[in-house]
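Data file: target-v4.cif. Format and content: mmCIF, C-alpha atoms and all ligand atoms; chains and numbers go by the auth columns.
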```
data_upload
#
loop_
_atom_site.group_PDB
_atom_site.id
_atom_site.type_symbol
_atom_site.label_atom_id
_atom_site.label_comp_id
_atom_site.label_asym_id
_atom_site.label_seq_id
_atom_site.Cartn_x
_atom_site.Cartn_y
_atom_site.Cartn_z
_atom_site.B_iso_or_equiv
_atom_site.auth_seq_id
_atom_site.auth_asym_id
ATOM 1 C CA MET A 1 3.156 -9.049 -41.833 0.00 19 A
ATOM 2 C CA GLY A 2 5.152 -12.132 -40.730 0.00 20 A
ATOM 3 C CA TYR A 3 8.723 -11.669 -39.641 0.00 21 A
ATOM 4 C CA GLN A 4 10.227 -13.800 -42.432 0.00 22 A
ATOM 5 C CA LYS A 5 8.234 -11.946 -45.056 0.00 23 A
ATOM 6 C CA PHE A 6 9.335 -8.688 -43.539 0.00 24 A
ATOM 7 C CA VAL A 7 12.990 -9.655 -43.803 0.00 25 A
ATOM 8 C CA GLY A 8 12.609 -10.887 -47.353 0.00 26 A
ATOM 9 C CA THR A 9 10.592 -8.045 -48.789 0.00 27 A
ATOM 10 C CA ALA A 10 11.649 -4.960 -46.908 0.00 28 A
ATOM 11 C CA LEU A 11 15.099 -5.272 -45.427 0.00 29 A
ATOM 12 C CA VAL A 12 17.155 -7.215 -47.926 0.00 30 A
ATOM 13 C CA PRO A 13 16.970 -4.521 -50.613 0.00 31 A
ATOM 14 C CA ILE A 14 17.966 -1.948 -47.991 0.00 32 A
ATOM 15 C CA PHE A 15 20.893 -4.074 -46.860 0.00 33 A
ATOM 16 C CA LEU A 16 22.081 -4.625 -50.395 0.00 34 A
ATOM 17 C CA LEU A 17 21.972 -0.901 -50.859 0.00 35 A
ATOM 18 C CA LEU A 18 23.894 -0.288 -47.664 0.00 36 A
ATOM 19 C CA LEU A 19 26.512 -2.885 -48.405 0.00 37 A
ATOM 20 C CA SER A 20 26.997 -2.046 -52.033 0.00 38 A
ATOM 21 C CA LEU A 21 26.945 1.758 -51.814 0.00 39 A
ATOM 22 C CA PRO A 22 28.693 2.489 -48.544 0.00 40 A
ATOM 23 C CA CYS A 23 28.606 6.236 -48.432 0.00 41 A
ATOM 24 C CA LYS A 24 30.865 6.938 -51.367 0.00 42 A
ATOM 25 C CA ALA A 25 29.571 7.622 -54.844 0.00 43 A
ATOM 26 C CA GLN A 26 32.820 6.624 -56.524 0.00 44 A
ATOM 27 C CA LEU A 27 32.423 3.028 -55.322 0.00 45 A
ATOM 28 C CA SER A 28 30.616 0.867 -57.847 0.00 46 A
ATOM 29 C CA THR A 29 27.810 -1.668 -57.440 0.00 47 A
ATOM 30 C CA THR A 30 29.267 -3.602 -60.374 0.00 48 A
ATOM 31 C CA PHE A 31 32.799 -3.749 -58.953 0.00 49 A
ATOM 32 C CA TYR A 32 32.637 -7.523 -58.309 0.00 50 A
ATOM 33 C CA ASP A 33 30.656 -8.446 -61.432 0.00 51 A
ATOM 34 C CA THR A 34 33.665 -10.097 -63.055 0.00 52 A
ATOM 35 C CA THR A 35 35.846 -11.172 -60.170 0.00 53 A
ATOM 36 C CA CYS A 36 33.017 -12.434 -57.940 0.00 54 A
ATOM 37 C CA PRO A 37 29.692 -12.492 -59.790 0.00 55 A
ATOM 38 C CA THR A 38 27.853 -14.104 -56.872 0.00 56 A
ATOM 39 C CA ALA A 39 28.985 -11.449 -54.379 0.00 57 A
ATOM 40 C CA LEU A 40 25.573 -9.784 -53.954 0.00 58 A
ATOM 41 C CA ALA A 41 23.816 -13.143 -53.607 0.00 59 A
ATOM 42 C CA ILE A 42 26.331 -14.153 -50.931 0.00 60 A
ATOM 43 C CA ILE A 43 25.841 -10.853 -49.114 0.00 61 A
ATOM 44 C CA ASN A 44 22.071 -11.241 -49.381 0.00 62 A
ATOM 45 C CA ALA A 45 22.162 -14.722 -47.829 0.00 63 A
ATOM 46 C CA SER A 46 24.517 -13.591 -45.067 0.00 64 A
ATOM 47 C CA VAL A 47 22.354 -10.620 -44.162 0.00 65 A
ATOM 48 C CA VAL A 48 19.172 -12.714 -44.085 0.00 66 A
ATOM 49 C CA ALA A 49 20.920 -15.243 -41.830 0.00 67 A
ATOM 50 C CA ALA A 50 22.228 -12.507 -39.532 0.00 68 A
ATOM 51 C CA VAL A 51 18.776 -10.939 -39.143 0.00 69 A
ATOM 52 C CA GLN A 52 17.125 -14.313 -38.575 0.00 70 A
ATOM 53 C CA ASN A 53 19.705 -15.005 -35.890 0.00 71 A
ATOM 54 C CA ASN A 54 19.074 -11.674 -34.182 0.00 72 A
ATOM 55 C CA GLY A 55 16.417 -9.215 -35.332 0.00 73 A
ATOM 56 C CA ARG A 56 18.393 -6.312 -33.914 0.00 74 A
ATOM 57 C CA ASN A 57 21.050 -6.819 -36.591 0.00 75 A
ATOM 58 C CA ALA A 58 18.637 -5.098 -38.982 0.00 76 A
ATOM 59 C CA ALA A 59 18.719 -1.950 -36.866 0.00 77 A
ATOM 60 C CA LEU A 60 22.488 -2.113 -36.407 0.00 78 A
ATOM 61 C CA LEU A 61 23.116 -2.307 -40.151 0.00 79 A
ATOM 62 C CA ILE A 62 20.909 0.663 -40.952 0.00 80 A
ATOM 63 C CA ARG A 63 22.540 2.668 -38.207 0.00 81 A
ATOM 64 C CA LEU A 64 25.984 1.756 -39.521 0.00 82 A
ATOM 65 C CA LEU A 65 25.385 3.665 -42.728 0.00 83 A
ATOM 66 C CA PHE A 66 24.085 6.644 -40.802 0.00 84 A
ATOM 67 C CA HIS A 67 27.211 6.717 -38.626 0.00 85 A
ATOM 68 C CA ASP A 68 29.428 7.059 -41.668 0.00 86 A
ATOM 69 C CA CYS A 69 27.415 10.018 -42.918 0.00 87 A
ATOM 70 C CA PHE A 70 26.105 11.715 -39.761 0.00 88 A
ATOM 71 C CA VAL A 71 27.024 15.383 -40.149 0.00 89 A
ATOM 72 C CA GLN A 72 26.140 15.676 -43.789 0.00 90 A
ATOM 73 C CA VAL A 73 22.916 13.722 -43.378 0.00 91 A
ATOM 74 C CA MET A 74 21.682 16.430 -41.075 0.00 92 A
ATOM 75 C CA ILE A 75 22.667 19.096 -43.594 0.00 93 A
ATOM 76 C CA PHE A 76 21.563 17.571 -46.881 0.00 94 A
ATOM 77 C CA ILE A 77 18.691 15.143 -46.208 0.00 95 A
ATOM 78 C CA PRO A 78 15.275 16.253 -44.856 0.00 96 A
ATOM 79 C CA PRO A 79 15.560 14.491 -41.566 0.00 97 A
ATOM 80 C CA CYS A 80 12.023 13.325 -40.980 0.00 98 A
ATOM 81 C CA SER A 81 12.143 10.328 -43.275 0.00 99 A
ATOM 82 C CA VAL A 82 15.568 9.086 -42.115 0.00 100 A
ATOM 83 C CA PHE A 83 14.401 9.329 -38.508 0.00 101 A
ATOM 84 C CA GLY A 84 11.889 6.693 -39.560 0.00 102 A
ATOM 85 C CA SER A 85 14.809 4.293 -39.104 0.00 103 A
ATOM 86 C CA HIS A 86 13.879 4.444 -35.452 0.00 104 A
ATOM 87 C CA THR A 87 11.023 2.117 -36.365 0.00 105 A
ATOM 88 C CA LEU A 88 13.685 -0.528 -35.643 0.00 106 A
ATOM 89 C CA GLY A 89 16.081 -1.057 -32.776 0.00 107 A
ATOM 90 C CA GLN A 90 16.379 -0.055 -29.160 0.00 108 A
ATOM 91 C CA ALA A 91 17.804 2.657 -26.930 0.00 109 A
ATOM 92 C CA GLN A 92 19.405 2.504 -23.518 0.00 110 A
ATOM 93 C CA CYS A 93 17.888 3.992 -20.385 0.00 111 A
ATOM 94 C CA VAL A 94 20.782 6.454 -20.193 0.00 112 A
ATOM 95 C CA ARG A 95 19.505 7.931 -23.478 0.00 113 A
ATOM 96 C CA PHE A 96 15.829 8.264 -22.518 0.00 114 A
ATOM 97 C CA ARG A 97 15.943 8.809 -18.731 0.00 115 A
ATOM 98 C CA GLU A 98 15.663 12.572 -18.974 0.00 116 A
ATOM 99 C CA ARG A 99 12.564 12.280 -21.137 0.00 117 A
ATOM 100 C CA ALA A 100 10.982 9.559 -18.975 0.00 118 A
ATOM 101 C CA TYR A 101 11.218 11.654 -15.809 0.00 119 A
ATOM 102 C CA ASN A 102 11.190 15.296 -16.851 0.00 120 A
ATOM 103 C CA ALA A 103 9.407 15.700 -20.180 0.00 121 A
ATOM 104 C CA THR A 104 6.056 17.446 -20.328 0.00 122 A
ATOM 105 C CA ASN A 105 5.287 16.391 -23.904 0.00 123 A
ATOM 106 C CA ILE A 106 5.024 12.684 -23.059 0.00 124 A
ATOM 107 C CA ASP A 107 2.016 10.389 -22.693 0.00 125 A
ATOM 108 C CA PRO A 108 1.793 9.760 -18.902 0.00 126 A
ATOM 109 C CA ALA A 109 1.111 6.034 -19.258 0.00 127 A
ATOM 110 C CA PHE A 110 4.095 5.696 -21.584 0.00 128 A
ATOM 111 C CA ALA A 111 6.303 7.588 -19.113 0.00 129 A
ATOM 112 C CA THR A 112 5.200 5.228 -16.344 0.00 130 A
ATOM 113 C CA THR A 113 6.152 2.223 -18.468 0.00 131 A
ATOM 114 C CA LEU A 114 9.574 3.684 -19.210 0.00 132 A
ATOM 115 C CA ARG A 115 10.250 4.548 -15.571 0.00 133 A
ATOM 116 C CA ALA A 116 9.577 0.941 -14.581 0.00 134 A
ATOM 117 C CA ASN A 117 12.562 -0.104 -16.699 0.00 135 A
ATOM 118 C CA CYS A 118 14.770 2.924 -16.099 0.00 136 A
ATOM 119 C CA PRO A 119 15.611 3.858 -12.499 0.00 137 A
ATOM 120 C CA GLN A 120 15.767 7.606 -11.914 0.00 138 A
ATOM 121 C CA THR A 121 19.247 7.667 -10.392 0.00 139 A
ATOM 122 C CA PRO A 122 22.157 6.923 -12.699 0.00 140 A
ATOM 123 C CA PRO A 123 24.034 4.702 -13.230 0.00 141 A
ATOM 124 C CA ASN A 124 21.276 2.339 -12.082 0.00 142 A
ATOM 125 C CA GLY A 125 19.801 0.603 -15.096 0.00 143 A
ATOM 126 C CA ASP A 126 21.751 2.769 -17.545 0.00 144 A
ATOM 127 C CA GLY A 127 21.946 -0.080 -20.051 0.00 145 A
ATOM 128 C CA ASN A 128 18.304 -1.199 -19.806 0.00 146 A
ATOM 129 C CA LEU A 129 16.715 -1.257 -23.224 0.00 147 A
ATOM 130 C CA GLU A 130 13.386 -0.050 -24.603 0.00 148 A
ATOM 131 C CA PRO A 131 12.264 -0.267 -28.244 0.00 149 A
ATOM 132 C CA LEU A 132 12.364 2.915 -30.288 0.00 150 A
ATOM 133 C CA ASP A 133 9.027 1.837 -31.799 0.00 151 A
ATOM 134 C CA LEU A 134 6.949 0.422 -28.973 0.00 152 A
ATOM 135 C CA GLN A 135 4.216 -0.919 -31.245 0.00 153 A
ATOM 136 C CA THR A 136 6.180 -2.992 -33.769 0.00 154 A
ATOM 137 C CA PRO A 137 9.858 -2.925 -32.746 0.00 155 A
ATOM 138 C CA ASN A 138 10.973 -5.560 -35.281 0.00 156 A
ATOM 139 C CA ILE A 139 8.951 -4.434 -38.274 0.00 157 A
ATOM 140 C CA PHE A 140 9.833 -1.653 -40.663 0.00 158 A
ATOM 141 C CA ASP A 141 6.603 0.349 -40.858 0.00 159 A
ATOM 142 C CA ASN A 142 5.163 3.789 -40.072 0.00 160 A
ATOM 143 C CA ASN A 143 4.110 3.049 -36.490 0.00 161 A
ATOM 144 C CA TYR A 144 7.095 5.076 -35.289 0.00 162 A
ATOM 145 C CA PHE A 145 5.254 8.162 -36.551 0.00 163 A
ATOM 146 C CA GLU A 146 1.967 7.078 -34.962 0.00 164 A
ATOM 147 C CA ASN A 147 3.825 6.900 -31.656 0.00 165 A
ATOM 148 C CA LEU A 148 5.007 10.480 -32.083 0.00 166 A
ATOM 149 C CA VAL A 149 1.466 11.759 -32.640 0.00 167 A
ATOM 150 C CA ALA A 150 0.477 9.962 -29.400 0.00 168 A
ATOM 151 C CA SER A 151 3.428 11.599 -27.545 0.00 169 A
ATOM 152 C CA ARG A 152 5.117 8.224 -27.265 0.00 170 A
ATOM 153 C CA GLY A 153 8.449 8.990 -28.886 0.00 171 A
ATOM 154 C CA LEU A 154 11.227 7.351 -26.869 0.00 172 A
ATOM 155 C CA LEU A 155 13.943 9.955 -27.337 0.00 173 A
ATOM 156 C CA ILE A 156 13.706 13.727 -26.956 0.00 174 A
ATOM 157 C CA SER A 157 14.976 14.007 -30.533 0.00 175 A
ATOM 158 C CA ASP A 158 12.193 11.663 -31.727 0.00 176 A
ATOM 159 C CA GLN A 159 9.381 13.636 -30.099 0.00 177 A
ATOM 160 C CA ALA A 160 10.878 16.887 -31.409 0.00 178 A
ATOM 161 C CA LEU A 161 9.633 15.832 -34.845 0.00 179 A
ATOM 162 C CA PHE A 162 6.065 16.180 -33.596 0.00 180 A
ATOM 163 C CA ASP A 163 5.926 18.918 -31.012 0.00 181 A
ATOM 164 C CA GLY A 164 4.049 21.830 -32.545 0.00 182 A
ATOM 165 C CA GLY A 165 6.731 22.652 -35.093 0.00 183 A
ATOM 166 C CA SER A 166 7.103 22.669 -38.852 0.00 184 A
ATOM 167 C CA SER A 167 7.750 18.917 -39.130 0.00 185 A
ATOM 168 C CA ASP A 168 4.348 18.032 -37.587 0.00 186 A
ATOM 169 C CA SER A 169 2.702 18.048 -41.000 0.00 187 A
ATOM 170 C CA ILE A 170 5.290 15.628 -42.410 0.00 188 A
ATOM 171 C CA VAL A 171 4.772 13.248 -39.494 0.00 189 A
ATOM 172 C CA THR A 172 1.019 13.404 -40.057 0.00 190 A
ATOM 173 C CA GLU A 173 1.530 12.749 -43.756 0.00 191 A
ATOM 174 C CA TYR A 174 3.595 9.634 -42.956 0.00 192 A
ATOM 175 C CA VAL A 175 0.908 8.414 -40.544 0.00 193 A
ATOM 176 C CA ASN A 176 -1.822 8.818 -43.136 0.00 194 A
ATOM 177 C CA ASN A 177 0.166 7.638 -46.148 0.00 195 A
ATOM 178 C CA PRO A 178 2.631 4.852 -45.324 0.00 196 A
ATOM 179 C CA GLY A 179 3.543 4.621 -49.007 0.00 197 A
ATOM 180 C CA THR A 180 4.856 8.185 -48.937 0.00 198 A
ATOM 181 C CA PHE A 181 7.103 7.329 -45.995 0.00 199 A
ATOM 182 C CA ASP A 182 8.376 4.202 -47.768 0.00 200 A
ATOM 183 C CA SER A 183 9.316 6.087 -50.925 0.00 201 A
ATOM 184 C CA ASP A 184 10.775 9.097 -49.066 0.00 202 A
ATOM 185 C CA PHE A 185 12.823 6.768 -46.867 0.00 203 A
ATOM 186 C CA ALA A 186 14.154 4.803 -49.824 0.00 204 A
ATOM 187 C CA ALA A 187 15.118 8.030 -51.606 0.00 205 A
ATOM 188 C CA ALA A 188 16.797 9.386 -48.456 0.00 206 A
ATOM 189 C CA MET A 189 18.807 6.190 -47.974 0.00 207 A
ATOM 190 C CA VAL A 190 20.023 6.292 -51.567 0.00 208 A
ATOM 191 C CA LYS A 191 20.947 9.957 -51.136 0.00 209 A
ATOM 192 C CA MET A 192 22.703 9.186 -47.860 0.00 210 A
ATOM 193 C CA SER A 193 24.697 6.399 -49.505 0.00 211 A
ATOM 194 C CA GLU A 194 25.966 8.896 -52.060 0.00 212 A
ATOM 195 C CA ILE A 195 27.341 11.325 -49.490 0.00 213 A
ATOM 196 C CA THR A 196 31.098 11.430 -49.256 0.00 214 A
ATOM 197 C CA PRO A 197 32.112 10.797 -45.649 0.00 215 A
ATOM 198 C CA LEU A 198 34.190 13.375 -43.852 0.00 216 A
ATOM 199 C CA THR A 199 37.510 12.081 -42.593 0.00 217 A
ATOM 200 C CA GLY A 200 40.364 13.193 -40.354 0.00 218 A
ATOM 201 C CA LYS A 201 40.185 16.856 -39.407 0.00 219 A
ATOM 202 C CA GLU A 202 37.008 17.323 -41.452 0.00 220 A
ATOM 203 C CA GLU A 203 35.139 15.004 -39.125 0.00 221 A
ATOM 204 C CA GLN A 204 32.670 16.619 -36.711 0.00 222 A
ATOM 205 C CA PHE A 205 30.804 15.362 -33.707 0.00 223 A
ATOM 206 C CA MET A 206 27.514 16.265 -32.107 0.00 224 A
ATOM 207 C CA GLY A 207 27.689 17.485 -28.506 0.00 225 A
ATOM 208 C CA THR A 208 24.878 16.304 -26.251 0.00 226 A
ATOM 209 C CA ASP A 209 24.620 12.909 -24.601 0.00 227 A
ATOM 210 C CA GLU A 210 21.607 11.953 -26.620 0.00 228 A
ATOM 211 C CA ASN A 211 23.347 12.862 -29.835 0.00 229 A
ATOM 212 C CA LYS A 212 26.164 10.445 -29.115 0.00 230 A
ATOM 213 C CA ASP A 213 24.363 7.983 -31.351 0.00 231 A
HETATM 214 C C1 LIG B . 19.894 13.658 -35.041 0.00 301 A
HETATM 215 C C2 LIG B . 19.680 12.429 -35.460 0.00 301 A
HETATM 216 C C3 LIG B . 19.675 11.198 -34.600 0.00 301 A
HETATM 217 C C4 LIG B . 19.806 11.074 -33.258 0.00 301 A
HETATM 218 C C5 LIG B . 20.003 12.165 -32.220 0.00 301 A
HETATM 219 C C6 LIG B . 19.733 9.671 -32.961 0.00 301 A
HETATM 220 C C7 LIG B . 19.837 9.132 -31.697 0.00 301 A
HETATM 221 C C8 LIG B . 19.798 7.779 -31.418 0.00 301 A
HETATM 222 C C9 LIG B . 19.963 7.224 -30.094 0.00 301 A
HETATM 223 C C10 LIG B . 20.264 8.019 -28.826 0.00 301 A
HETATM 224 C C11 LIG B . 19.839 5.882 -30.213 0.00 301 A
HETATM 225 C C12 LIG B . 19.920 4.865 -29.065 0.00 301 A
HETATM 226 C C13 LIG B . 21.364 4.460 -28.881 0.00 301 A
HETATM 227 C C14 LIG B . 21.576 3.674 -27.610 0.00 301 A
HETATM 228 O O1 LIG B . 20.841 3.841 -26.644 0.00 301 A
HETATM 229 O O2 LIG B . 22.533 2.897 -27.593 0.00 301 A
HETATM 230 C C15 LIG B . 19.596 5.577 -31.609 0.00 301 A
HETATM 231 C C16 LIG B . 19.398 4.321 -32.104 0.00 301 A
HETATM 232 C C17 LIG B . 19.253 4.040 -33.440 0.00 301 A
HETATM 233 N N1 LIG B . 19.358 4.927 -34.495 0.00 301 A
HETATM 234 FE FE1 LIG B . 19.408 6.936 -34.311 0.00 301 A
HETATM 235 N N2 LIG B . 19.554 8.964 -34.121 0.00 301 A
HETATM 236 C C18 LIG B . 19.525 9.865 -35.143 0.00 301 A
HETATM 237 C C19 LIG B . 19.375 9.592 -36.483 0.00 301 A
HETATM 238 C C20 LIG B . 19.365 8.323 -37.013 0.00 301 A
HETATM 239 C C21 LIG B . 19.391 8.025 -38.427 0.00 301 A
HETATM 240 C C22 LIG B . 19.458 9.082 -39.517 0.00 301 A
HETATM 241 C C23 LIG B . 19.370 6.669 -38.549 0.00 301 A
HETATM 242 C C24 LIG B . 19.395 5.805 -39.777 0.00 301 A
HETATM 243 C C25 LIG B . 19.281 6.220 -41.021 0.00 301 A
HETATM 244 C C26 LIG B . 19.308 6.116 -37.217 0.00 301 A
HETATM 245 C C27 LIG B . 19.208 4.790 -36.936 0.00 301 A
HETATM 246 C C28 LIG B . 19.156 4.263 -35.660 0.00 301 A
HETATM 247 C C29 LIG B . 18.889 2.863 -35.369 0.00 301 A
HETATM 248 C C30 LIG B . 18.556 1.774 -36.404 0.00 301 A
HETATM 249 C C31 LIG B . 18.958 2.713 -33.971 0.00 301 A
HETATM 250 C C32 LIG B . 18.780 1.435 -33.140 0.00 301 A
HETATM 251 C C33 LIG B . 20.121 0.761 -32.945 0.00 301 A
HETATM 252 C C34 LIG B . 20.068 -0.421 -31.985 0.00 301 A
HETATM 253 O O3 LIG B . 19.072 -1.103 -31.850 0.00 301 A
HETATM 254 O O4 LIG B . 21.118 -0.671 -31.350 0.00 301 A
HETATM 255 N N3 LIG B . 19.326 7.143 -36.304 0.00 301 A
HETATM 256 N N4 LIG B . 19.581 6.749 -32.311 0.00 301 A
#
```

Conversion result in structure tokens:
Amino acid sequence: MGYQKFVGTALVPIFLLLLSLPCKAQLSTTFYDTTCPTALAIINASVVAAVQNNGRNAALLIRLLFHDCFVQVMIFIPPCSVFGSHTLGQAQCVRFRERAYNATNIDPAFATTLRANCPQTPPNGDGNLEPLDLQTPNIFDNNYFENLVASRGLLISDQALFDGGSSDSIVTEYVNNPGTFDSDFAAAMVKMSEITPLTGKEEQFMGTDENKD
């Protein structure tokens, strides 16, 4: 699928969802219907322009919604489909160094590739980037799950989805049936957008380095 087609068919609806339902059910998608009827069209055009300017903006926008909802996403949404967001975007060496050098559940050739771009001793190369989906880093598809089956997940938390546990069967299902992943992901994003964000003292944070997403 060409990049332009990808932006037009797959991402724009997601962005409209993210921008119009930002994590709070009491906000309304029709709020600007009277005062600014072209609001969604303007947002659509702006998002398309931003992604054309820099493909990584797609990943950053999806991640933005997740940041607003993090704790409750992990509680309320089955996480496999939302992890599929890692079909886009990149991670820094500081986030995948441990896996590149010490993991046993990693494809050796993949580990060698990662090590070439991520020196073993920090802080050398801490900010060096690798795609979360090494096959098609700028396309929203199910190759992220194919990577996991081949032990080529970039992050420890990615590979944990396919490592002999209960989520293996879901990963396999998404590999074999991309349509199932698409519909599960869309449903999960809608559900995530309806979660009320925690604020102030209610807010919680995850502890490990890798979880500092
Ligand atoms: C326990 C759950 C998750 C963990 C531990 C996690 C961890 C990470 C880490 C470590 C990175 C790389 C950050 C960096 O190196 O700067 C990343 C990137 C990213 N994450 Fe997650 N993530 C999780 C769930 C999610 C979810 C639910 C979404 C979206 C719905 C998401 C979307 C993204 C995207 C799009 C990127 C790429 C951002 C970029 O290119 O800058 N992640 N994640």

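For the residues A:Ser169, A:Ser211, A:Thr190, A:Asn120, ranking by smallest atom-to-atom distance to ligand LIG 301 (chain A) using only C-alpha atoms and all ligand atoms places A:Ser211 first.
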
Margin query: Every residue with an atom at most 12 Å from (1.9, 12.6, -26.9) (file coordinates; only C-alpha atoms) is what I'm after, so could you write them as a PyMOL selection string?
Written below: chain A and resi 121-129+163-172+174+176-182

Check: Which residues match the PyMOL selection byres (((not hetatm)) within 7 of (chain A and resi 301)) in the file above, as a count of residues only?
Finding: 29

Contact residues around A:Phe203 with all atoms listed in the file at 12 Å, ignoring same-chain residues under 3 positions, as a JSON list (two decimals) with C-alpha atoms, in the coordinates of the input:
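Result file result24.json:
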```json
[["chain", "number", "residue", "atom", "x", "y", "z"],
["A", 28, "ALA", "CA", 11.65, -4.96, -46.91],
["A", 32, "ILE", "CA", 17.97, -1.95, -47.99],
["A", 80, "ILE", "CA", 20.91, 0.66, -40.95],
["A", 95, "ILE", "CA", 18.69, 15.14, -46.21],
["A", 96, "PRO", "CA", 15.28, 16.25, -44.86],
["A", 97, "PRO", "CA", 15.56, 14.49, -41.57],
["A", 98, "CYS", "CA", 12.02, 13.32, -40.98],
["A", 99, "SER", "CA", 12.14, 10.33, -43.28],
["A", 100, "VAL", "CA", 15.57, 9.09, -42.12],
["A", 101, "PHE", "CA", 14.40, 9.33, -38.51],
["A", 102, "GLY", "CA", 11.89, 6.69, -39.56],
["A", 103, "SER", "CA", 14.81, 4.29, -39.10],
["A", 104, "HIS", "CA", 13.88, 4.44, -35.45],
["A", 105, "THR", "CA", 11.02, 2.12, -36.36],
["A", 158, "PHE", "CA", 9.83, -1.65, -40.66],
["A", 159, "ASP", "CA", 6.60, 0.35, -40.86],
["A", 160, "ASN", "CA", 5.16, 3.79, -40.07],
["A", 192, "TYR", "CA", 3.60, 9.63, -42.96],
["A", 196, "PRO", "CA", 2.63, 4.85, -45.32],
["A", 197, "GLY", "CA", 3.54, 4.62, -49.01],
["A", 198, "THR", "CA", 4.86, 8.18, -48.94],
["A", 199, "PHE", "CA", 7.10, 7.33, -46.00],
["A", 200, "ASP", "CA", 8.38, 4.20, -47.77],
["A", 206, "ALA", "CA", 16.80, 9.39, -48.46],
["A", 207, "MET", "CA", 18.81, 6.19, -47.97],
["A", 208, "VAL", "CA", 20.02, 6.29, -51.57],
["A", 209, "LYS", "CA", 20.95, 9.96, -51.14],
["A", 210, "MET", "CA", 22.70, 9.19, -47.86]]
```

Checklist line | atom CA of A:Val65 to atom CA of A:Asn161, straight-line distance in Å | finding: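 Straight-line distance from atom CA of A:Asn161 to atom CA of A:Val65 works out to 24.1 Å.
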
Margin query: To one decimal place in Å, what is the distance between atom CA of A:Asn71 and atom CA of A:Tyr162?
Written below: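 About the pair atom CA of A:Asn71 and atom CA of A:Tyr162: they are 23.7 Å apart.
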
Margin query: Residue by residue, what does the PyMOL selection byres (((chain A and resi 134-140) around 9) and not hetatm) grab here? Present the result as a list in words.
Written below: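 Written out, the selection comes to Gln110, Cys111, Val112, Phe114, Arg115, Glu116, Ala118, Tyr119, Ala129, Thr130, Thr131, Leu132, Arg133, Pro141, Asn142, Gly143, Asp144, Gly145, Asn146, Leu147 and Glu148 of chain A.
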
Output C-alpha atoms for every residue in the selection just made, as a compact mmCIF listing (two decimals), in the coordinates of the input.
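See result.txt below for the written result:
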```txt
# COMPACT_ATOMS: atom_id res chain seq x y z
CA GLN A 110 19.40 2.50 -23.52
CA CYS A 111 17.89 3.99 -20.39
CA VAL A 112 20.78 6.45 -20.19
CA PHE A 114 15.83 8.26 -22.52
CA ARG A 115 15.94 8.81 -18.73
CA GLU A 116 15.66 12.57 -18.97
CA ALA A 118 10.98 9.56 -18.98
CA TYR A 119 11.22 11.65 -15.81
CA ALA A 129 6.30 7.59 -19.11
CA THR A 130 5.20 5.23 -16.34
CA THR A 131 6.15 2.22 -18.47
CA LEU A 132 9.57 3.68 -19.21
CA ARG A 133 10.25 4.55 -15.57
CA PRO A 141 24.03 4.70 -13.23
CA ASN A 142 21.28 2.34 -12.08
CA GLY A 143 19.80 0.60 -15.10
CA ASP A 144 21.75 2.77 -17.55
CA GLY A 145 21.95 -0.08 -20.05
CA ASN A 146 18.30 -1.20 -19.81
CA LEU A 147 16.72 -1.26 -23.22
CA GLU A 148 13.39 -0.05 -24.60
```

Margin query: Rounded to one decimal, what separation in Å do you get between atom CA of A:Ile93 and atom CA of A:Ser201?
Written below: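 Rounded to one decimal, the two atoms are 20.0 Å apart.
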